[in-house]
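Structure data (mmCIF, C-alpha atoms and all ligand atoms) from data03.cif:
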data_upload
#
loop_
_atom_site.group_PDB
_atom_site.id
_atom_site.type_symbol
_atom_site.label_atom_id
_atom_site.label_comp_id
_atom_site.auth_asym_id
_atom_site.auth_seq_id
_atom_site.Cartn_x
_atom_site.Cartn_y
_atom_site.Cartn_z
ATOM 1 C CA MET D 10 -1.017 22.861 19.637
ATOM 2 C CA GLU D 11 0.271 26.389 19.153
ATOM 3 C CA LYS D 12 2.327 27.999 16.428
ATOM 4 C CA LEU D 13 5.881 28.648 17.573
ATOM 5 C CA LYS D 14 8.575 29.882 15.171
ATOM 6 C CA GLN D 15 7.707 30.356 11.479
ATOM 7 C CA ILE D 16 10.234 28.251 9.581
ATOM 8 C CA TYR D 17 9.068 28.702 5.994
ATOM 9 C CA GLU D 18 6.915 30.927 3.851
ATOM 10 C CA GLY D 19 6.083 29.722 0.371
ATOM 11 C CA LYS D 20 3.760 31.103 -2.272
ATOM 12 C CA ALA D 21 0.564 29.639 -0.824
ATOM 13 C CA LYS D 22 1.482 28.378 2.645
ATOM 14 C CA LYS D 23 3.483 29.049 5.785
ATOM 15 C CA LEU D 24 4.980 26.459 8.096
ATOM 16 C CA TYR D 25 5.451 26.818 11.852
ATOM 17 C CA GLU D 26 7.213 24.701 14.423
ATOM 18 C CA THR D 27 5.195 23.358 17.336
ATOM 19 C CA LYS D 28 6.305 22.047 20.701
ATOM 20 C CA ASP D 29 6.350 18.573 19.138
ATOM 21 C CA ALA D 30 9.582 18.216 17.129
ATOM 22 C CA ASP D 31 7.821 15.830 14.716
ATOM 23 C CA GLN D 32 4.844 18.082 13.919
ATOM 24 C CA LEU D 33 4.417 21.360 12.064
ATOM 25 C CA ILE D 34 1.463 23.650 11.460
ATOM 26 C CA GLN D 35 0.791 24.293 7.786
ATOM 27 C CA GLU D 36 -1.121 27.561 7.297
ATOM 28 C CA PHE D 37 -2.991 28.067 4.019
ATOM 29 C CA LYS D 38 -2.905 31.625 2.606
ATOM 30 C CA ASP D 39 -5.194 33.334 0.097
ATOM 31 C CA ASP D 40 -2.172 34.438 -1.964
ATOM 32 C CA ALA D 41 -2.056 33.094 -5.482
ATOM 33 C CA THR D 42 0.862 33.167 -7.884
ATOM 34 C CA ALA D 43 1.418 31.855 -11.377
ATOM 35 C CA PHE D 44 4.155 31.699 -13.976
ATOM 36 C CA ASP D 45 6.947 31.421 -11.391
ATOM 37 C CA ALA D 46 5.376 34.161 -9.268
ATOM 38 C CA THR D 47 5.507 36.798 -12.023
ATOM 39 C CA LYS D 48 1.707 36.969 -11.698
ATOM 40 C CA ARG D 49 0.450 37.605 -8.174
ATOM 41 C CA GLY D 50 -2.939 38.056 -6.592
ATOM 42 C CA THR D 51 -5.284 36.807 -3.930
ATOM 43 C CA ILE D 52 -8.253 34.497 -4.153
ATOM 44 C CA LEU D 53 -10.750 35.259 -1.402
ATOM 45 C CA ASN D 54 -10.977 32.364 1.097
ATOM 46 C CA LYS D 55 -8.745 30.114 -1.012
ATOM 47 C CA GLY D 56 -6.755 29.184 2.099
ATOM 48 C CA VAL D 57 -9.846 28.085 3.985
ATOM 49 C CA ILE D 58 -11.138 26.092 1.007
ATOM 50 C CA ASN D 59 -7.808 24.399 0.208
ATOM 51 C CA ASN D 60 -7.333 23.466 3.871
ATOM 52 C CA LYS D 61 -10.747 21.730 3.946
ATOM 53 C CA LEU D 62 -10.283 20.066 0.545
ATOM 54 C CA SER D 63 -6.822 18.813 1.459
ATOM 55 C CA GLU D 64 -8.172 17.409 4.744
ATOM 56 C CA LYS D 65 -10.913 15.539 2.923
ATOM 57 C CA ILE D 66 -8.544 14.158 0.266
ATOM 58 C CA PHE D 67 -5.677 13.235 2.606
ATOM 59 C CA THR D 68 -8.167 11.428 4.856
ATOM 60 C CA MET D 69 -9.527 9.454 1.895
ATOM 61 C CA LEU D 70 -6.001 8.593 0.677
ATOM 62 C CA GLU D 71 -4.868 7.442 4.151
ATOM 63 C CA LYS D 72 -7.939 5.217 4.394
ATOM 64 C CA GLU D 73 -6.956 3.666 1.074
ATOM 65 C CA GLY D 74 -3.386 2.962 2.218
ATOM 66 C CA VAL D 75 -1.424 5.991 0.979
ATOM 67 C CA PRO D 76 0.770 7.442 3.764
ATOM 68 C CA THR D 77 0.509 11.246 4.024
ATOM 69 C CA HIS D 78 1.814 14.021 6.278
ATOM 70 C CA PHE D 79 -1.743 14.892 7.387
ATOM 71 C CA VAL D 80 -2.440 14.710 11.136
ATOM 72 C CA LYS D 81 -5.568 16.853 11.558
ATOM 73 C CA ARG D 82 -7.205 20.104 10.524
ATOM 74 C CA MET D 83 -7.009 22.518 13.439
ATOM 75 C CA ASN D 84 -9.160 25.451 12.264
ATOM 76 C CA ASP D 85 -10.057 27.367 9.079
ATOM 77 C CA ARG D 86 -6.518 27.917 7.836
ATOM 78 C CA ASP D 87 -4.272 25.634 9.889
ATOM 79 C CA MET D 88 -3.482 21.966 9.440
ATOM 80 C CA LEU D 89 -1.259 19.893 11.705
ATOM 81 C CA VAL D 90 1.206 17.846 9.634
ATOM 82 C CA LYS D 91 4.150 15.540 10.207
ATOM 83 C CA LYS D 92 7.511 17.203 9.715
ATOM 84 C CA VAL D 93 9.163 15.873 6.570
ATOM 85 C CA ARG D 94 12.193 16.680 4.477
ATOM 86 C CA ILE D 95 10.689 17.567 1.092
ATOM 87 C CA ILE D 96 12.198 15.758 -1.892
ATOM 88 C CA PRO D 97 12.741 18.636 -4.385
ATOM 89 C CA VAL D 98 10.810 16.991 -7.200
ATOM 90 C CA GLU D 99 7.300 17.872 -8.334
ATOM 91 C CA VAL D 100 5.514 14.781 -9.603
ATOM 92 C CA THR D 101 2.894 15.510 -12.233
ATOM 93 C CA ILE D 102 0.337 12.992 -13.438
ATOM 94 C CA ARG D 103 -1.682 13.784 -16.544
ATOM 95 C CA ASN D 104 -4.842 12.066 -17.763
ATOM 96 C CA ILE D 105 -5.822 14.700 -20.327
ATOM 97 C CA VAL D 106 -3.524 17.048 -22.280
ATOM 98 C CA ALA D 107 -3.414 20.594 -20.844
ATOM 99 C CA GLY D 108 -1.004 23.297 -19.666
ATOM 100 C CA GLY D 109 2.651 22.359 -19.788
ATOM 101 C CA MET D 110 2.144 19.230 -21.899
ATOM 102 C CA ALA D 111 0.082 21.065 -24.528
ATOM 103 C CA LYS D 112 2.847 23.670 -24.762
ATOM 104 C CA LEU D 113 5.781 21.236 -24.715
ATOM 105 C CA LEU D 114 4.436 19.025 -27.497
ATOM 106 C CA GLY D 115 2.276 21.484 -29.441
ATOM 107 C CA LEU D 116 -0.927 19.597 -28.617
ATOM 108 C CA GLU D 117 -4.522 20.742 -28.272
ATOM 109 C CA GLU D 118 -5.845 20.873 -24.716
ATOM 110 C CA GLY D 119 -8.440 18.191 -24.008
ATOM 111 C CA ILE D 120 -6.922 15.166 -25.761
ATOM 112 C CA ILE D 121 -7.617 12.136 -23.578
ATOM 113 C CA LEU D 122 -4.365 10.227 -23.048
ATOM 114 C CA LYS D 123 -4.318 6.482 -23.742
ATOM 115 C CA GLU D 124 -2.679 6.004 -20.357
ATOM 116 C CA PRO D 125 -1.628 8.395 -17.568
ATOM 117 C CA VAL D 126 1.661 10.256 -18.075
ATOM 118 C CA LEU D 127 3.992 10.745 -15.107
ATOM 119 C CA GLU D 128 6.481 13.627 -15.209
ATOM 120 C CA TYR D 129 9.128 14.797 -12.789
ATOM 121 C CA HIS D 130 10.016 18.473 -12.523
ATOM 122 C CA TYR D 131 12.991 19.678 -10.510
ATOM 123 C CA LYS D 132 11.569 22.051 -7.876
ATOM 124 C CA GLU D 133 13.485 25.265 -8.597
ATOM 125 C CA ASP D 134 11.521 28.406 -9.590
ATOM 126 C CA LYS D 135 14.675 30.152 -10.867
ATOM 127 C CA LEU D 136 14.974 27.423 -13.509
ATOM 128 C CA HIS D 137 11.166 27.296 -14.093
ATOM 129 C CA ASP D 138 10.847 23.795 -12.565
ATOM 130 C CA PRO D 139 12.567 21.989 -15.479
ATOM 131 C CA LEU D 140 11.364 18.609 -16.710
ATOM 132 C CA ILE D 141 13.757 15.844 -15.609
ATOM 133 C CA ASN D 142 13.664 12.042 -15.661
ATOM 134 C CA ASP D 143 14.540 9.111 -13.391
ATOM 135 C CA TYR D 144 18.163 9.174 -14.535
ATOM 136 C CA HIS D 145 18.686 12.810 -13.496
ATOM 137 C CA ILE D 146 17.115 12.068 -10.128
ATOM 138 C CA LYS D 147 19.319 9.055 -9.445
ATOM 139 C CA ALA D 148 22.538 10.437 -10.967
ATOM 140 C CA LEU D 149 22.238 13.654 -8.953
ATOM 141 C CA ASP D 150 21.233 11.846 -5.748
ATOM 142 C CA ILE D 151 17.951 13.768 -5.547
ATOM 143 C CA ALA D 152 16.259 10.540 -4.471
ATOM 144 C CA THR D 153 17.266 6.882 -4.275
ATOM 145 C CA ASP D 154 16.046 4.058 -6.480
ATOM 146 C CA LYS D 155 13.904 2.763 -3.652
ATOM 147 C CA GLU D 156 12.376 6.173 -2.956
ATOM 148 C CA LEU D 157 11.592 6.668 -6.650
ATOM 149 C CA GLU D 158 9.868 3.297 -6.795
ATOM 150 C CA ALA D 159 7.691 4.304 -3.835
ATOM 151 C CA ILE D 160 6.957 7.727 -5.372
ATOM 152 C CA LYS D 161 5.913 6.148 -8.684
ATOM 153 C CA LYS D 162 3.755 3.490 -7.030
ATOM 154 C CA TYR D 163 1.964 5.991 -4.770
ATOM 155 C CA SER D 164 1.506 8.553 -7.570
ATOM 156 C CA PHE D 165 -0.330 6.133 -9.866
ATOM 157 C CA LYS D 166 -2.380 4.811 -6.949
ATOM 158 C CA ILE D 167 -3.311 8.383 -5.967
ATOM 159 C CA ASN D 168 -4.329 9.040 -9.581
ATOM 160 C CA ASP D 169 -6.666 6.026 -9.582
ATOM 161 C CA LEU D 170 -8.201 7.052 -6.246
ATOM 162 C CA LEU D 171 -8.537 10.753 -7.104
ATOM 163 C CA ARG D 172 -10.037 10.094 -10.538
ATOM 164 C CA LYS D 173 -12.760 7.959 -8.987
ATOM 165 C CA PHE D 174 -13.287 10.435 -6.161
ATOM 166 C CA PHE D 175 -13.658 13.491 -8.422
ATOM 167 C CA ASP D 176 -15.686 11.550 -11.015
ATOM 168 C CA SER D 177 -18.278 10.852 -8.320
ATOM 169 C CA LYS D 178 -18.478 14.647 -7.812
ATOM 170 C CA GLY D 179 -19.021 15.375 -11.494
ATOM 171 C CA LEU D 180 -15.410 16.501 -12.036
ATOM 172 C CA MET D 181 -12.737 15.324 -14.479
ATOM 173 C CA LEU D 182 -9.228 15.104 -13.065
ATOM 174 C CA VAL D 183 -7.153 16.474 -15.951
ATOM 175 C CA ASP D 184 -3.770 16.563 -14.187
ATOM 176 C CA PHE D 185 -2.227 17.296 -10.807
ATOM 177 C CA LYS D 186 1.040 17.845 -8.972
ATOM 178 C CA LEU D 187 2.288 15.996 -5.900
ATOM 179 C CA GLU D 188 5.181 16.524 -3.515
ATOM 180 C CA PHE D 189 6.645 13.834 -1.321
ATOM 181 C CA GLY D 190 8.813 14.030 1.786
ATOM 182 C CA ARG D 191 11.012 11.786 3.888
ATOM 183 C CA HIS D 192 9.648 10.856 7.298
ATOM 184 C CA LYS D 193 11.263 8.286 9.611
ATOM 185 C CA GLY D 194 13.007 6.600 6.681
ATOM 186 C CA LYS D 195 9.858 6.381 4.562
ATOM 187 C CA VAL D 196 8.447 8.402 1.680
ATOM 188 C CA ILE D 197 5.071 9.999 2.430
ATOM 189 C CA LEU D 198 2.790 12.392 0.535
ATOM 190 C CA ALA D 199 3.157 16.039 1.647
ATOM 191 C CA ASP D 200 2.086 19.540 0.555
ATOM 192 C CA GLU D 201 -1.612 19.888 -0.417
ATOM 193 C CA ILE D 202 -4.173 18.599 -2.901
ATOM 194 C CA SER D 203 -6.517 21.355 -4.049
ATOM 195 C CA PRO D 204 -7.635 23.328 -7.119
ATOM 196 C CA ASP D 205 -4.234 25.068 -6.833
ATOM 197 C CA THR D 206 -2.489 21.801 -7.633
ATOM 198 C CA CYS D 207 -5.083 19.930 -9.748
ATOM 199 C CA ARG D 208 -6.811 20.780 -13.019
ATOM 200 C CA LEU D 209 -10.496 19.951 -12.582
ATOM 201 C CA TRP D 210 -13.068 20.308 -15.343
ATOM 202 C CA ASP D 211 -16.822 19.955 -15.004
ATOM 203 C CA LYS D 212 -17.682 16.573 -16.541
ATOM 204 C CA LYS D 213 -20.622 17.864 -18.574
ATOM 205 C CA THR D 214 -19.681 21.404 -19.591
ATOM 206 C CA LYS D 215 -15.846 21.035 -19.425
ATOM 207 C CA GLU D 216 -15.811 24.321 -17.504
ATOM 208 C CA LYS D 217 -12.486 24.872 -15.709
ATOM 209 C CA LEU D 218 -12.882 24.808 -11.909
ATOM 210 C CA ASP D 219 -9.283 25.318 -10.807
ATOM 211 C CA LYS D 220 -6.358 27.737 -10.706
ATOM 212 C CA ASP D 221 -6.350 28.095 -14.504
ATOM 213 C CA ARG D 222 -9.207 30.607 -13.946
ATOM 214 C CA PHE D 223 -6.653 32.793 -12.122
ATOM 215 C CA ARG D 224 -3.698 32.002 -14.428
ATOM 216 C CA ARG D 225 -5.712 32.825 -17.557
ATOM 217 C CA ASP D 226 -7.921 35.626 -16.154
ATOM 218 C CA LEU D 227 -11.113 33.692 -16.823
ATOM 219 C CA GLY D 228 -13.047 35.338 -13.964
ATOM 220 C CA ASN D 229 -15.194 33.724 -11.246
ATOM 221 C CA VAL D 230 -12.087 32.347 -9.559
ATOM 222 C CA GLU D 231 -13.463 32.334 -5.994
ATOM 223 C CA GLU D 232 -16.733 30.859 -7.228
ATOM 224 C CA ALA D 233 -14.884 27.969 -8.902
ATOM 225 C CA TYR D 234 -13.013 27.070 -5.693
ATOM 226 C CA GLN D 235 -16.293 27.319 -3.723
ATOM 227 C CA GLU D 236 -18.004 25.055 -6.248
ATOM 228 C CA VAL D 237 -15.309 22.376 -5.922
ATOM 229 C CA LEU D 238 -15.610 22.530 -2.117
ATOM 230 C CA ARG D 239 -19.404 22.308 -2.312
ATOM 231 C CA ARG D 240 -19.283 19.223 -4.520
ATOM 232 C CA VAL D 241 -16.557 17.492 -2.534
ATOM 233 C CA MET D 242 -18.394 18.021 0.771
ATOM 234 C CA GLU D 243 -21.733 16.751 -0.554
HETATM 235 P P1 LIG D 301 1.608 22.131 -15.856
HETATM 236 O O1 LIG D 301 2.911 21.402 -15.932
HETATM 237 O O2 LIG D 301 0.692 21.737 -16.971
HETATM 238 O O3 LIG D 301 1.776 23.604 -15.712
HETATM 239 O O4 LIG D 301 0.910 21.651 -14.508
HETATM 240 C C1 LIG D 301 0.414 20.340 -14.372
HETATM 241 C C2 LIG D 301 -0.422 20.236 -13.108
HETATM 242 O O5 LIG D 301 0.411 20.375 -11.968
HETATM 243 C C3 LIG D 301 -1.497 21.311 -12.975
HETATM 244 O O6 LIG D 301 -2.634 20.734 -12.350
HETATM 245 C C4 LIG D 301 -0.873 22.368 -12.078
HETATM 246 O O7 LIG D 301 -1.848 23.014 -11.297
HETATM 247 C C5 LIG D 301 0.066 21.531 -11.222
HETATM 248 N N1 LIG D 301 1.337 22.234 -10.972
HETATM 249 C C6 LIG D 301 2.489 22.147 -11.657
HETATM 250 N N2 LIG D 301 3.448 22.938 -11.137
HETATM 251 C C7 LIG D 301 2.884 23.552 -10.094
HETATM 252 C C8 LIG D 301 3.379 24.495 -9.128
HETATM 253 O O8 LIG D 301 4.543 24.932 -9.131
HETATM 254 N N3 LIG D 301 2.476 24.910 -8.195
HETATM 255 C C9 LIG D 301 1.191 24.459 -8.171
HETATM 256 N N4 LIG D 301 0.357 24.921 -7.234
HETATM 257 N N5 LIG D 301 0.719 23.557 -9.026
HETATM 258 C C10 LIG D 301 1.546 23.099 -9.992
#

Would you mind giving the structure from this file in C-alpha cells?
Amino acid sequence: MEKLKQIYEGKAKKLYETKDADQLIQEFKDDATAFDATKRGTILNKGVINNKLSEKIFTMLEKEGVPTHFVKRMNDRDMLVKKVRIIPVEVTIRNIVAGGMAKLLGLEEGIILKEPVLEYHYKEDKLHDPLINDYHIKALDIATDKELEAIKKYSFKINDLLRKFFDSKGLMLVDFKLEFGRHKGKVILADEISPDTCRLWDKKTKEKLDKDRFRRDLGNVEEAYQEVLRRVME
C-alpha cells in the first residue's frame, strides 16, 4: 500500500489516503509539542517508538475485544489504519492525580484515586481543550447517547487492560488520553497509545517515563521513550 494524497497533518502525525477508500496511512513524526503547541521540539526516534508501541497495544486491545482502527504496521514510521471520522472529544482516564487534575483541583501529584476518573475534553486547541461533560456532548450533538455509552464502556475496559499490561512491565499507568472515531456505524478506538498520550511512572522509583520529561524539561526524554519500548517488547 502506497501513500497517495496527504489529507491531514497534526502535531505528531500525518495521514495519507491510499488506493483503498477505507484505509489510511498514519505516519508518526518526531515532532513534539506541549501547552497547545506553544512549546515545540523534536524527540529523536519518537515516531518510530510510538508506532511500535501503538502496534503492540492496539494488537493486545483487539485480542481482548476492543475494536480499534489498527490494521498493520507497515514500516518504522507508517501504520495502516481504518479511515474513521474522529469524534472531537478527548477521553481522559486518571488513576493517579497528575497534570490537569492536580492543577484544576489544587491537588498534589501522586495521590492514588479511590476509583478511576473519566473526563471529556472538547478537542479544540484554540480553547485549550476545555473540560466538558456528557450533557454538553449530547446537547451539542457531538456524539449520541449510544456512542457515549460505547466510549465509556471501552475507555474503562482499556484502562483495566492497560493497567495490567504496564504493571507487568514495571510501569504505573497514571493517566492517558483516548480518541474514538466512527467507522461503518460503530465507535472504534483511533489515534495512538504511547508515552505521548499516557503518563507512565516507574513502579519502584516513580521516575517519569513519558512526555512530561519534554513538557517539564526534565532531560533524558529520548532515553525514557526507549526505556518504555524496551520494557514493552520484553
Ligand atoms: P492532562 O489533562 O493532565 O494534561 O493530561 C491527561 C493525560 O492525557 C496525560 O497522559 C496526557 O499525556 C494526555 N493528554 C491530554 N491531552 C492531550 C493532548 O492534547 N495530546 C496528547 N498527546 N496527550 C494528551

Inset, instruction - Tell me which residues the PyMOL selection byres (((chain D and resi 213) around 12) and not hetatm) grabs here, as a list in words. - result: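 This file gives the following for the PyMOL selection byres (((chain D and resi 213) around 12) and not hetatm): Asp176, Lys178, Gly179, Leu180, Met181, Leu209, Trp210, Asp211, Lys212, Thr214, Lys215, Glu216 and Lys217 of chain D.
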
Inset, instruction - Considering all atoms listed in the file, state which residue in the set D:Gln235, D:Thr51, D:Thr42, D:Thr153 is at the smallest distance from ligand LIG 301 (chain D). - result: D:Thr42

Inset, instruction - Would you mind reading off the distance between atom CA of His137 of chain D and atom CA of Val90 of chain D, one decimal, in Å? - result: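 Computing it gives 27.4 Å between the two atoms.
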
Legend entry - Within-9 Å residues of ligand LIG 301 (chain D), basis all atoms listed in the file, as a PyMOL selection string: chain D and resi 20-21+41-45+99-103+106-112+128+130+132-134+137-138+140+182-187+201-209+219-221

Inset, instruction - Given the file shown, determine the residues that the PyMOL selection byres (((chain D and resi 142) around 12) and not hetatm) selects; report them as a list in words. - result: Val98, Glu99, Val100, Thr101, Leu127, Glu128, Tyr129, His130, Tyr131, Pro139, Leu140, Ile141, Asp143, Tyr144, His145, Ile146, Lys147, Ala148, Leu149, Ile151, Ala152, Leu157 and Lys161 of chain D

Can you sort out the box for segment 97-114 of chain D, edges along x, y and z, all listed atoms in, 4 Å on every side, with centre and edge lengths in Å to one decimal, as JSON?
{"center_x": 3.5, "center_y": 17.9, "center_z": -15.9, "size_x": 26.6, "size_y": 19.6, "size_z": 31.1}
